[in-house]
$ cat coords.pdb   # PDB, C-alpha atoms (C1' of nucleotides)
ATOM      1  CA  MET A   1    -122.920  39.078-219.633
ATOM      2  CA  SER A   2    -125.079  42.065-220.460
ATOM      3  CA  VAL A   3    -127.441  43.140-223.209
ATOM      4  CA  ASN A   4    -127.968  46.588-224.601
ATOM      5  CA  ILE A   5    -131.627  47.391-224.013
ATOM      6  CA  GLU A   6    -131.943  49.727-226.982
ATOM      7  CA  ALA A   7    -130.396  47.140-229.218
ATOM      8  CA  MET A   8    -132.876  44.578-227.991
ATOM      9  CA  ASN A   9    -135.727  46.938-228.666
ATOM     10  CA  ASN A  10    -134.487  47.446-232.197
ATOM     11  CA  LEU A  11    -134.424  43.732-232.723
ATOM     12  CA  THR A  12    -137.785  43.008-231.172
ATOM     13  CA  THR A  13    -139.936  45.949-232.206
ATOM     14  CA  ASN A  14    -138.794  46.894-235.684
ATOM     15  CA  ASN A  15    -140.030  43.720-237.280
ATOM     16  CA  CYS A  16    -136.577  42.921-238.636
ATOM     17  CA  PRO A  17    -136.453  40.358-241.415
ATOM     18  CA  SER A  18    -134.790  37.005-240.895
ATOM     19  CA  LEU A  19    -131.026  36.895-240.845
ATOM     20  CA  LEU A  20    -131.429  34.308-243.579
ATOM     21  CA  MET A  21    -132.923  36.890-245.904
ATOM     22  CA  GLN A  22    -130.462  39.767-245.644
ATOM     23  CA  HIS A  23    -126.885  40.552-244.766
ATOM     24  CA  LEU A  24    -126.220  41.090-241.087
ATOM     25  CA  SER A  25    -123.906  43.962-240.287
ATOM     26  CA  ARG A  26    -121.348  43.360-237.592
ATOM     27  CA  GLN A  27    -123.332  45.551-235.248
ATOM     28  CA  GLU A  28    -126.585  43.722-235.912
ATOM     29  CA  ALA A  29    -124.818  40.400-235.489
ATOM     30  CA  GLU A  30    -123.445  41.493-232.134
ATOM     31  CA  GLN A  31    -126.837  42.619-230.915
ATOM     32  CA  LEU A  32    -128.592  39.475-232.003
ATOM     33  CA  SER A  33    -125.883  37.131-230.773
ATOM     34  CA  GLY A  34    -126.103  38.853-227.409
ATOM     35  CA  LEU A  35    -129.654  37.601-227.054
ATOM     36  CA  PHE A  36    -128.712  34.070-228.064
ATOM     37  CA  LYS A  37    -125.851  34.185-225.613
ATOM     38  CA  VAL A  38    -128.351  34.845-222.854
ATOM     39  CA  LEU A  39    -130.183  31.650-223.822
ATOM     40  CA  GLY A  40    -126.907  29.788-224.151
ATOM     41  CA  ASP A  41    -126.777  28.827-220.511
ATOM     42  CA  PRO A  42    -128.547  25.774-219.082
ATOM     43  CA  SER A  43    -129.374  27.449-215.777
ATOM     44  CA  ARG A  44    -131.097  30.325-217.526
ATOM     45  CA  LEU A  45    -133.131  27.991-219.716
ATOM     46  CA  GLN A  46    -134.199  26.108-216.616
ATOM     47  CA  LEU A  47    -135.228  29.364-214.997
ATOM     48  CA  LEU A  48    -137.363  30.303-217.990
ATOM     49  CA  SER A  49    -138.888  26.860-218.019
ATOM     50  CA  LEU A  50    -139.564  26.836-214.288
ATOM     51  CA  ILE A  51    -141.143  30.268-214.291
ATOM     52  CA  ALA A  52    -143.281  29.651-217.353
ATOM     53  CA  SER A  53    -144.610  26.366-216.054
ATOM     54  CA  GLN A  54    -145.891  27.793-212.780
ATOM     55  CA  PRO A  55    -149.674  27.623-212.480
ATOM     56  CA  ASN A  56    -150.026  31.407-212.719
ATOM     57  CA  GLY A  57    -147.058  31.893-215.008
ATOM     58  CA  SER A  58    -144.938  33.719-212.471
ATOM     59  CA  ALA A  59    -142.559  32.688-209.739
ATOM     60  CA  CYS A  60    -140.905  34.327-206.771
ATOM     61  CA  ALA A  61    -137.119  34.434-207.008
ATOM     62  CA  CYS A  62    -136.786  32.576-203.719
ATOM     63  CA  GLU A  63    -138.764  29.645-205.095
ATOM     64  CA  LEU A  64    -136.236  29.148-207.872
ATOM     65  CA  ILE A  65    -133.106  28.671-205.819
ATOM     66  CA  GLU A  66    -133.696  25.176-204.521
ATOM     67  CA  PRO A  67    -134.892  23.513-207.764
ATOM     68  CA  LEU A  68    -131.890  24.929-209.617
ATOM     69  CA  GLY A  69    -129.395  23.838-207.003
ATOM     70  CA  LEU A  70    -127.442  27.067-207.248
ATOM     71  CA  SER A  71    -126.602  29.707-204.692
ATOM     72  CA  GLN A  72    -128.937  32.660-204.185
ATOM     73  CA  PRO A  73    -126.479  35.173-205.675
ATOM     74  CA  THR A  74    -126.048  33.054-208.777
ATOM     75  CA  VAL A  75    -129.786  32.758-209.319
ATOM     76  CA  SER A  76    -130.167  36.490-208.754
ATOM     77  CA  HIS A  77    -127.447  37.068-211.327
ATOM     78  CA  HIS A  78    -129.162  34.927-213.960
ATOM     79  CA  LEU A  79    -132.536  36.525-213.323
ATOM     80  CA  LYS A  80    -130.996  39.931-213.811
ATOM     81  CA  ILE A  81    -129.491  38.929-217.135
ATOM     82  CA  LEU A  82    -132.773  37.439-218.341
ATOM     83  CA  TYR A  83    -134.672  40.519-217.196
ATOM     84  CA  GLU A  84    -132.310  43.009-218.809
ATOM     85  CA  ALA A  85    -132.412  41.081-222.056
ATOM     86  CA  GLY A  86    -136.203  41.306-222.089
ATOM     87  CA  PHE A  87    -136.939  37.638-221.553
ATOM     88  CA  LEU A  88    -138.446  38.218-218.119
ATOM     89  CA  ASP A  89    -140.796  40.723-216.581
ATOM     90  CA  LYS A  90    -140.697  41.380-212.845
ATOM     91  CA  GLU A  91    -143.060  42.718-210.251
ATOM     92  CA  ARG A  92    -142.362  43.467-206.636
ATOM     93  CA  ARG A  93    -144.850  42.260-204.015
ATOM     94  CA  GLY A  94    -143.566  43.203-200.611
ATOM     95  CA  THR A  95    -140.258  41.541-200.000
ATOM     96  CA  TRP A  96    -140.753  39.178-202.896
ATOM     97  CA  ILE A  97    -140.094  39.750-206.553
ATOM     98  CA  TYR A  98    -142.138  37.771-209.016
ATOM     99  CA  TYR A  99    -140.811  37.013-212.450
ATOM    100  CA  SER A 100    -142.796  36.059-215.536
ATOM    101  CA  VAL A 101    -141.756  35.169-219.061
ATOM    102  CA  VAL A 102    -142.191  37.644-221.926
ATOM    103  CA  PRO A 103    -143.183  35.404-224.822
ATOM    104  CA  GLN A 104    -142.971  38.275-227.311
ATOM    105  CA  THR A 105    -139.213  38.415-226.884
ATOM    106  CA  MET A 106    -138.925  34.746-227.763
ATOM    107  CA  GLN A 107    -141.148  35.167-230.783
ATOM    108  CA  ALA A 108    -139.170  38.170-231.963
ATOM    109  CA  LEU A 109    -135.990  36.151-231.697
ATOM    110  CA  CYS A 110    -137.553  33.367-233.735
ATOM    111  CA  SER A 111    -138.508  35.758-236.486
ATOM    112  CA  HIS A 112    -134.788  36.185-237.124
ATOM    113  CA  LEU A 113    -134.269  32.472-237.608
ATOM    114  CA  THR A 114    -137.092  31.405-239.864
ATOM    115  CA  ILE A 115    -137.683  31.950-243.533
ATOM    116  CA  PRO A 116    -141.158  32.919-244.706
ATOM    117  CA  VAL A 117    -142.670  29.926-246.486
ATOM    118  CA  GLU A 118    -143.134  31.694-249.802
ATOM    119  CA  ALA A 119    -139.450  32.619-249.799
ATOM    120  CA  THR A 120    -138.044  29.116-249.436
ATOM    121  CA  ARG A 121    -136.068  27.768-252.334
ATOM    122  CA  THR A 122    -134.766  24.388-253.330
ATOM    123  CA  VAL A 123    -130.977  24.220-253.312
TER     124      VAL A 123
ATOM    125  CA  MET B   1    -117.449  24.791-228.214
ATOM    126  CA  SER B   2    -119.019  21.551-229.320
ATOM    127  CA  VAL B   3    -122.474  20.062-229.659
ATOM    128  CA  ASN B   4    -123.555  16.496-229.075
ATOM    129  CA  ILE B   5    -125.042  15.342-232.361
ATOM    130  CA  GLU B   6    -127.387  12.825-230.788
ATOM    131  CA  ALA B   7    -128.625  15.416-228.383
ATOM    132  CA  MET B   8    -129.312  17.765-231.259
ATOM    133  CA  ASN B   9    -131.222  15.078-233.080
ATOM    134  CA  ASN B  10    -133.352  14.520-230.011
ATOM    135  CA  LEU B  11    -134.143  18.185-229.884
ATOM    136  CA  THR B  12    -134.864  18.617-233.547
ATOM    137  CA  THR B  13    -136.589  15.406-234.553
ATOM    138  CA  ASN B  14    -138.676  14.388-231.564
ATOM    139  CA  ASN B  15    -141.040  17.299-231.879
ATOM    140  CA  CYS B  16    -140.278  18.405-228.324
ATOM    141  CA  PRO B  17    -142.749  20.816-226.807
ATOM    142  CA  SER B  18    -141.755  24.351-225.935
ATOM    143  CA  LEU B  19    -139.592  24.883-222.901
ATOM    144  CA  LEU B  20    -142.326  27.252-221.814
ATOM    145  CA  MET B  21    -144.814  24.399-221.553
ATOM    146  CA  GLN B  22    -142.896  21.839-219.510
ATOM    147  CA  HIS B  23    -140.088  21.476-217.052
ATOM    148  CA  LEU B  24    -136.631  21.222-218.554
ATOM    149  CA  SER B  25    -134.364  18.676-216.936
ATOM    150  CA  ARG B  26    -130.774  19.702-216.427
ATOM    151  CA  GLN B  27    -129.744  17.442-219.267
ATOM    152  CA  GLU B  28    -132.317  18.863-221.651
ATOM    153  CA  ALA B  29    -131.329  22.373-220.644
ATOM    154  CA  GLU B  30    -127.706  21.629-221.372
ATOM    155  CA  GLN B  31    -128.489  20.214-224.789
ATOM    156  CA  LEU B  32    -130.724  23.086-225.783
ATOM    157  CA  SER B  33    -128.433  25.771-224.403
ATOM    158  CA  GLY B  34    -125.628  24.224-226.422
ATOM    159  CA  LEU B  35    -127.472  25.103-229.600
ATOM    160  CA  PHE B  36    -128.138  28.648-228.445
ATOM    161  CA  LYS B  37    -124.495  28.989-227.500
ATOM    162  CA  VAL B  38    -123.596  28.224-231.087
ATOM    163  CA  LEU B  39    -125.763  31.136-232.205
ATOM    164  CA  GLY B  40    -124.400  33.341-229.439
ATOM    165  CA  ASP B  41    -121.435  34.511-231.454
ATOM    166  CA  PRO B  42    -121.586  37.424-233.907
ATOM    167  CA  SER B  43    -119.170  35.854-236.376
ATOM    168  CA  ARG B  44    -121.264  32.718-236.624
ATOM    169  CA  LEU B  45    -124.454  34.692-237.183
ATOM    170  CA  GLN B  46    -122.710  36.619-239.918
ATOM    171  CA  LEU B  47    -121.606  33.364-241.507
ATOM    172  CA  LEU B  48    -125.162  32.028-241.509
ATOM    173  CA  SER B  49    -126.406  35.295-242.941
ATOM    174  CA  LEU B  50    -123.730  35.444-245.601
ATOM    175  CA  ILE B  51    -124.261  31.877-246.718
ATOM    176  CA  ALA B  52    -128.034  32.082-246.771
ATOM    177  CA  SER B  53    -128.070  35.280-248.778
ATOM    178  CA  GLN B  54    -125.960  33.914-251.623
ATOM    179  CA  PRO B  55    -127.856  33.686-254.903
ATOM    180  CA  ASN B  56    -127.833  29.879-254.855
ATOM    181  CA  GLY B  57    -127.977  29.584-251.080
ATOM    182  CA  SER B  58    -124.518  28.150-250.684
ATOM    183  CA  ALA B  59    -121.053  29.577-250.327
ATOM    184  CA  CYS B  60    -117.519  28.301-250.551
ATOM    185  CA  ALA B  61    -115.587  28.592-247.310
ATOM    186  CA  CYS B  62    -112.902  30.647-248.988
ATOM    187  CA  GLU B  63    -115.432  33.259-249.998
ATOM    188  CA  LEU B  64    -116.367  33.867-246.384
ATOM    189  CA  ILE B  65    -112.971  34.809-245.008
ATOM    190  CA  GLU B  66    -112.607  38.270-246.437
ATOM    191  CA  PRO B  67    -116.124  39.613-245.667
ATOM    192  CA  LEU B  68    -115.805  38.434-242.067
ATOM    193  CA  GLY B  69    -112.382  39.934-241.557
ATOM    194  CA  LEU B  70    -111.138  36.923-239.631
ATOM    195  CA  SER B  71    -108.265  34.520-240.255
ATOM    196  CA  GLN B  72    -108.846  31.365-242.281
ATOM    197  CA  PRO B  73    -108.435  29.033-239.281
ATOM    198  CA  THR B  74    -110.946  31.031-237.279
ATOM    199  CA  VAL B  75    -113.533  30.896-240.054
ATOM    200  CA  SER B  76    -112.882  27.184-240.476
ATOM    201  CA  HIS B  77    -113.393  26.760-236.744
ATOM    202  CA  HIS B  78    -116.742  28.550-236.795
ATOM    203  CA  LEU B  79    -117.944  26.635-239.833
ATOM    204  CA  LYS B  80    -117.119  23.389-238.096
ATOM    205  CA  ILE B  81    -119.113  24.371-235.033
ATOM    206  CA  LEU B  82    -122.099  25.423-237.129
ATOM    207  CA  TYR B  83    -121.901  22.226-239.155
ATOM    208  CA  GLU B  84    -121.615  19.924-236.159
ATOM    209  CA  ALA B  85    -124.566  21.627-234.521
ATOM    210  CA  GLY B  86    -126.681  21.003-237.603
ATOM    211  CA  PHE B  87    -127.049  24.603-238.722
ATOM    212  CA  LEU B  88    -125.015  24.053-241.875
ATOM    213  CA  ASP B  89    -124.803  21.413-244.544
ATOM    214  CA  LYS B  90    -121.605  20.967-246.559
ATOM    215  CA  GLU B  91    -120.642  19.530-249.890
ATOM    216  CA  ARG B  92    -117.189  19.076-251.337
ATOM    217  CA  ARG B  93    -116.567  20.162-254.935
ATOM    218  CA  GLY B  94    -112.939  19.571-255.765
ATOM    219  CA  THR B  95    -110.783  21.671-253.522
ATOM    220  CA  TRP B  96    -113.701  23.749-252.370
ATOM    221  CA  ILE B  97    -116.281  23.021-249.727
ATOM    222  CA  TYR B  98    -119.671  24.622-250.126
ATOM    223  CA  TYR B  99    -121.837  25.320-247.120
ATOM    224  CA  SER B 100    -125.586  25.881-247.045
ATOM    225  CA  VAL B 101    -127.985  26.683-244.240
ATOM    226  CA  VAL B 102    -130.298  24.010-242.826
ATOM    227  CA  PRO B 103    -133.476  25.966-242.106
ATOM    228  CA  GLN B 104    -135.097  23.006-240.351
ATOM    229  CA  THR B 105    -132.618  23.272-237.500
ATOM    230  CA  MET B 106    -133.557  26.902-236.969
ATOM    231  CA  GLN B 107    -137.238  26.082-237.035
ATOM    232  CA  ALA B 108    -136.785  23.241-234.588
ATOM    233  CA  LEU B 109    -134.987  25.581-232.238
ATOM    234  CA  CYS B 110    -137.823  28.074-232.502
ATOM    235  CA  SER B 111    -140.368  25.447-231.570
ATOM    236  CA  HIS B 112    -138.737  25.385-228.148
ATOM    237  CA  LEU B 113    -139.248  29.094-227.640
ATOM    238  CA  THR B 114    -142.805  29.732-228.714
ATOM    239  CA  ILE B 115    -146.090  28.929-227.070
ATOM    240  CA  PRO B 116    -148.898  27.495-229.173
ATOM    241  CA  VAL B 117    -151.534  30.200-229.603
ATOM    242  CA  GLU B 118    -154.319  28.213-227.980
ATOM    243  CA  ALA B 119    -152.152  27.713-224.919
ATOM    244  CA  THR B 120    -151.451  31.372-224.186
ATOM    245  CA  ARG B 121    -152.842  32.775-220.990
ATOM    246  CA  THR B 122    -153.307  36.238-219.567
ATOM    247  CA  VAL B 123    -151.110  36.844-216.536
TER     248      VAL B 123
ATOM    249  C1'  DT C   1     -94.147  14.070-258.178
ATOM    250  C1'  DT C   2     -94.080  18.645-257.554
ATOM    251  C1'  DA C   3     -96.426  23.056-257.218
ATOM    252  C1'  DA C   4    -100.419  25.633-255.746
ATOM    253  C1'  DC C   5    -104.367  26.399-253.428
ATOM    254  C1'  DA C   6    -108.075  25.143-249.926
ATOM    255  C1'  DA C   7    -109.116  23.458-245.585
ATOM    256  C1'  DA C   8    -108.081  21.529-241.065
ATOM    257  C1'  DT C   9    -105.359  20.969-236.908
ATOM    258  C1'  DA C  10    -102.278  22.211-233.007
ATOM    259  C1'  DG C  11    -100.884  25.096-229.528
ATOM    260  C1'  DA C  12    -100.888  29.517-227.168
ATOM    261  C1'  DT C  13    -103.093  33.575-225.277
ATOM    262  C1'  DG C  14    -106.262  36.878-223.541
ATOM    263  C1'  DA C  15    -110.957  37.884-222.510
ATOM    264  C1'  DC C  16    -115.165  36.666-220.781
ATOM    265  C1'  DC C  17    -118.217  34.533-217.557
ATOM    266  C1'  DA C  18    -120.611  31.143-214.234
ATOM    267  C1'  DT C  19    -120.106  30.376-209.745
ATOM    268  C1'  DC C  20    -119.259  31.019-204.910
ATOM    269  C1'  DA C  21    -118.720  33.224-200.075
ATOM    270  C1'  DA C  22    -119.197  37.410-197.869
ATOM    271  C1'  DT C  23    -121.458  41.516-197.456
ATOM    272  C1'  DA C  24    -124.745  45.169-198.419
ATOM    273  C1'  DT C  25    -129.301  46.783-199.469
ATOM    274  C1'  DT C  26    -134.193  46.724-199.423
ATOM    275  C1'  DT C  27    -138.662  45.788-197.373
ATOM    276  C1'  DG C  28    -142.053  44.586-193.941
ATOM    277  C1'  DT C  29    -143.174  43.880-189.041
ATOM    278  C1'  DC C  30    -142.950  44.660-184.260
TER     279       DC C  30
ATOM    280  C1'  DG D   1    -135.479  52.040-184.450
ATOM    281  C1'  DA D   2    -134.501  46.918-184.462
ATOM    282  C1'  DC D   3    -134.982  42.623-186.282
ATOM    283  C1'  DA D   4    -135.833  39.185-189.985
ATOM    284  C1'  DA D   5    -136.290  37.771-194.575
ATOM    285  C1'  DA D   6    -135.543  38.507-199.622
ATOM    286  C1'  DT D   7    -132.718  40.359-202.995
ATOM    287  C1'  DA D   8    -128.580  42.595-204.869
ATOM    288  C1'  DT D   9    -123.670  43.625-205.024
ATOM    289  C1'  DT D  10    -118.682  42.784-204.560
ATOM    290  C1'  DG D  11    -114.590  40.405-205.299
ATOM    291  C1'  DA D  12    -112.252  36.201-206.335
ATOM    292  C1'  DT D  13    -111.514  32.021-209.014
ATOM    293  C1'  DG D  14    -111.516  28.435-212.384
ATOM    294  C1'  DG D  15    -113.047  27.106-216.770
ATOM    295  C1'  DT D  16    -114.396  28.037-221.419
ATOM    296  C1'  DC D  17    -113.718  29.929-225.822
ATOM    297  C1'  DA D  18    -112.614  33.214-229.829
ATOM    298  C1'  DT D  19    -108.719  34.334-231.966
ATOM    299  C1'  DC D  20    -104.156  34.171-233.734
ATOM    300  C1'  DT D  21     -99.688  32.066-235.964
ATOM    301  C1'  DA D  22     -97.591  28.086-237.577
ATOM    302  C1'  DT D  23     -98.135  23.814-239.488
ATOM    303  C1'  DT D  24    -100.313  19.884-241.640
ATOM    304  C1'  DT D  25    -103.476  17.576-244.586
ATOM    305  C1'  DG D  26    -106.193  17.187-248.731
ATOM    306  C1'  DT D  27    -107.100  18.048-253.699
ATOM    307  C1'  DT D  28    -106.214  19.369-258.453
ATOM    308  C1'  DA D  29    -103.426  20.209-262.288
ATOM    309  C1'  DA D  30     -99.005  20.520-264.710
TER     310       DA D  30
END
$ encode --input "coords.pdb" --output "structure tokens"
Amino acid sequence: MSVNIEAMNNLTTNNCPSLLMQHLSRQEAEQLSGLFKVLGDPSRLQLLSLIASQPNGSACACELIEPLGLSQPTVSHHLKILYEAGFLDKERRGTWIYYSVVPQTMQALCSHLTIPVEATRTV
Amino acid sequence: MSVNIEAMNNLTTNNCPSLLMQHLSRQEAEQLSGLFKVLGDPSRLQLLSLIASQPNGSACACELIEPLGLSQPTVSHHLKILYEAGFLDKERRGTWIYYSVVPQTMQALCSHLTIPVEATRTV
DNA sequence: TTAACAAATAGATGACCATCAATATTTGTC
DNA sequence: GACAAATATTGATGGTCATCTATTTGTTAA
């Protein structure tokens, strides 16, 4: 489970139109599906949810192990995947590493799924 | 690869708040990740894109085989998964079955990923 | 009812991946 | 440096799934 960073940047910064409005090349489909694949795991969604709902919006990795009920290596593995896909930011403070959610990545993903209102049609 | 229809209905009709605004239970995380898993495949994204970009917004299953470069059973398999997850609608016309995209399902999914503007905070 | 085409199902296979235990690495403190 | 705590890596394993071929089922028309 890994995501090409450059591909993610293409998808999130170039203001790509919705996949519903244009043909997706195989390459584009692979890049985009890679991001959805990252969200296609319940543990990773719980991590995002846990981190985002902290009072200050960030959480230390060690705080996330117990509520998820997974081993430390597994949590570390999921955090890495989320970070490399651009869903999480991280900051080291001493021994601890604090993660926070990058809402822009979510919003960019959504822009691929929704149709602009003025473009909707009745089938 | 299968999606619980009732679970999907819960997620798409109950106006659930964003996963970034509340804790996700394990069950909720499993339901939601199931939908993302469906989108986490390049062939399925290409199918959605192909169908949505047809002039009338719908496409016969047989028209989708050649552009995807996959076998007929594989395309049928993907269409079934997309349909059962609520991403596609289908209508039989004689021998043919026409699929069309359900944009509401996409939008409902997105509502789980975005934070209402007034709720954003500076980290 | 038979032929022809579309779609679905069954079964098999290979690849990917979530998870763990064990270990290594990094960082701060004494 | 030595120890302790947090995080990352390695290697193994079991399950899931995308894909195929072969077959079956469904639908229309002759």
$ closest_atom_pairs --input "coords.pdb" --of "chain A" --to "chain B" --cutoff "6 Å" --atoms "all atoms listed in the file" --output "tab-separated table"
residue	atom	partner	partner_atom	distance
A:Leu19	CA	B:Ser49	CA	5.3
A:Leu20	CA	B:Ser49	CA	5.2
A:Met21	CA	B:Ser53	CA	5.9
A:Gln22	CA	B:Ser53	CA	6.0
A:His23	CA	B:Ser49	CA	5.6
A:Leu24	CA	B:Gln46	CA	5.8
A:Ala29	CA	B:Pro42	CA	4.7
A:Glu30	CA	B:Pro42	CA	4.8
A:Ser33	CA	B:Gly40	CA	4.3
A:Phe36	CA	B:Gly40	CA	4.6
A:Lys37	CA	B:Gly40	CA	4.2
A:Leu39	CA	B:Phe36	CA	5.9
A:Gly40	CA	B:Lys37	CA	4.2
A:Asp41	CA	B:Ser33	CA	5.2
A:Pro42	CA	B:Ala29	CA	4.7
A:Leu45	CA	B:Ala29	CA	6.0
A:Gln46	CA	B:Leu24	CA	5.8
A:Ser49	CA	B:Leu20	CA	5.1
A:Ala52	CA	B:Leu20	CA	5.2
A:Ser53	CA	B:Met21	CA	5.8
A:Met106	CA	B:Leu113	CA	5.7
A:Cys110	CA	B:Cys110	CA	5.4
A:Leu113	CA	B:Met106	CA	5.7
$ interface_residues --input "coords.pdb" --of "chain C" --to "chain A" --cutoff "9 Å" --atoms "all atoms listed in the file" --output "count of residues only"
8
$ atom_distance --input "coords.pdb" --atom1 "atom C1' of D:DT13" --atom2 "atom CA of A:Ile81"
20.9 Å
$ closest_atom_pairs --input "coords.pdb" --of "chain D" --to "chain B" --cutoff "9 Å" --atoms "only C-alpha atoms (C1' of nucleotides)" --output "CSV"
residue,atom,partner,partner_atom,distance
D:DT16,C1',B:Met1,CA,8.1
D:DC17,C1',B:Met1,CA,6.8
D:DA18,C1',B:Thr74,CA,7.9
D:DT19,C1',B:Thr74,CA,6.6
D:DC20,C1',B:Ser71,CA,7.7
D:DG26,C1',B:Thr95,CA,8.0
D:DT27,C1',B:Thr95,CA,5.2
D:DT28,C1',B:Thr95,CA,7.1
$ atom_distance --input "coords.pdb" --atom1 "atom C1' of C:DA12" --atom2 "atom C1' of D:DG15"
16.2 Å
$ resolve_selection --input "coords.pdb" --expression "the PyMOL selection byres ((chain C and resi 23) around 10)" --output "CSV table (one decimal) with C-alpha atoms (C1' of nucleotides), in the frame of the given file"
chain,number,residue,atom,x,y,z
C,21,DA,C1',-118.7,33.2,-200.1
C,22,DA,C1',-119.2,37.4,-197.9
C,24,DA,C1',-124.7,45.2,-198.4
C,25,DT,C1',-129.3,46.8,-199.5
D,9,DT,C1',-123.7,43.6,-205.0
D,10,DT,C1',-118.7,42.8,-204.6
$ atom_distance --input "coords.pdb" --atom1 "atom CA of B:Tyr98" --atom2 "atom C1' of C:DT1"
28.8 Å
$ resolve_selection --input "coords.pdb" --expression "the PyMOL selection byres ((chain C and resi 7) around 8)" --output "MDAnalysis selection string"
(chainID B and resid 76) or (chainID C and resid 6 8) or (chainID D and resid 26)
$ closest_residue --input "coords.pdb" --among "A:Leu88, A:Val102, A:Leu79, A:Ala59" --to "D:DT7" --atoms "all atoms listed in the file"
A:Leu79
$ residues_near_point --input "coords.pdb" --point "(-98.3, 20.2, -258.0)" --cutoff "10 Å" --atoms "all atoms listed in the file" --output "PyMOL selection string"
(chain C and resi 1-5) or (chain D and resi 28-30)
$ build_atoms --input "coords.pdb" --residues "stretch 28-44 of chain A" --atoms "N, CA and C atoms" --output "PDB file, in the coordinates of the input"
ATOM      1  N   GLU A  28    -125.356  44.504-236.063  1.00  0.00           N
ATOM      2  CA  GLU A  28    -126.585  43.722-235.912  1.00  0.00           C
ATOM      3  C   GLU A  28    -126.274  42.325-235.392  1.00  0.00           C
ATOM      4  N   ALA A  29    -125.196  41.750-235.921  1.00  0.00           N
ATOM      5  CA  ALA A  29    -124.818  40.400-235.489  1.00  0.00           C
ATOM      6  C   ALA A  29    -124.464  40.388-234.013  1.00  0.00           C
ATOM      7  N   GLU A  30    -123.823  41.446-233.550  1.00  0.00           N
ATOM      8  CA  GLU A  30    -123.445  41.493-232.134  1.00  0.00           C
ATOM      9  C   GLU A  30    -124.675  41.645-231.244  1.00  0.00           C
ATOM     10  N   GLN A  31    -125.616  42.456-231.700  1.00  0.00           N
ATOM     11  CA  GLN A  31    -126.837  42.619-230.915  1.00  0.00           C
ATOM     12  C   GLN A  31    -127.608  41.314-230.831  1.00  0.00           C
ATOM     13  N   LEU A  32    -127.794  40.700-231.968  1.00  0.00           N
ATOM     14  CA  LEU A  32    -128.592  39.475-232.003  1.00  0.00           C
ATOM     15  C   LEU A  32    -127.899  38.336-231.257  1.00  0.00           C
ATOM     16  N   SER A  33    -126.601  38.213-231.457  1.00  0.00           N
ATOM     17  CA  SER A  33    -125.883  37.131-230.773  1.00  0.00           C
ATOM     18  C   SER A  33    -125.910  37.336-229.266  1.00  0.00           C
ATOM     19  N   GLY A  34    -125.997  38.587-228.839  1.00  0.00           N
ATOM     20  CA  GLY A  34    -126.103  38.853-227.409  1.00  0.00           C
ATOM     21  C   GLY A  34    -127.334  38.214-226.808  1.00  0.00           C
ATOM     22  N   LEU A  35    -128.426  38.229-227.547  1.00  0.00           N
ATOM     23  CA  LEU A  35    -129.654  37.601-227.054  1.00  0.00           C
ATOM     24  C   LEU A  35    -129.504  36.087-227.018  1.00  0.00           C
ATOM     25  N   PHE A  36    -128.908  35.525-228.051  1.00  0.00           N
ATOM     26  CA  PHE A  36    -128.712  34.070-228.064  1.00  0.00           C
ATOM     27  C   PHE A  36    -127.762  33.653-226.948  1.00  0.00           C
ATOM     28  N   LYS A  37    -126.798  34.504-226.677  1.00  0.00           N
ATOM     29  CA  LYS A  37    -125.851  34.185-225.613  1.00  0.00           C
ATOM     30  C   LYS A  37    -126.581  34.067-224.280  1.00  0.00           C
ATOM     31  N   VAL A  38    -127.569  34.902-224.097  1.00  0.00           N
ATOM     32  CA  VAL A  38    -128.351  34.845-222.854  1.00  0.00           C
ATOM     33  C   VAL A  38    -129.049  33.490-222.733  1.00  0.00           C
ATOM     34  N   LEU A  39    -129.515  32.956-223.842  1.00  0.00           N
ATOM     35  CA  LEU A  39    -130.183  31.650-223.822  1.00  0.00           C
ATOM     36  C   LEU A  39    -129.173  30.498-223.858  1.00  0.00           C
ATOM     37  N   GLY A  40    -127.920  30.818-224.031  1.00  0.00           N
ATOM     38  CA  GLY A  40    -126.907  29.788-224.151  1.00  0.00           C
ATOM     39  C   GLY A  40    -126.347  29.338-222.820  1.00  0.00           C
ATOM     40  N   ASP A  41    -127.193  29.295-221.836  1.00  0.00           N
ATOM     41  CA  ASP A  41    -126.777  28.827-220.511  1.00  0.00           C
ATOM     42  C   ASP A  41    -127.871  27.939-219.936  1.00  0.00           C
ATOM     43  N   PRO A  42    -127.525  26.716-219.538  1.00  0.00           N
ATOM     44  CA  PRO A  42    -128.547  25.774-219.082  1.00  0.00           C
ATOM     45  C   PRO A  42    -129.333  26.280-217.873  1.00  0.00           C
ATOM     46  N   SER A  43    -128.661  26.951-216.961  1.00  0.00           N
ATOM     47  CA  SER A  43    -129.374  27.449-215.777  1.00  0.00           C
ATOM     48  C   SER A  43    -130.435  28.470-216.161  1.00  0.00           C
ATOM     49  N   ARG A  44    -130.115  29.312-217.125  1.00  0.00           N
ATOM     50  CA  ARG A  44    -131.097  30.325-217.526  1.00  0.00           C
ATOM     51  C   ARG A  44    -132.276  29.696-218.249  1.00  0.00           C
TER      52      ARG A  44
END
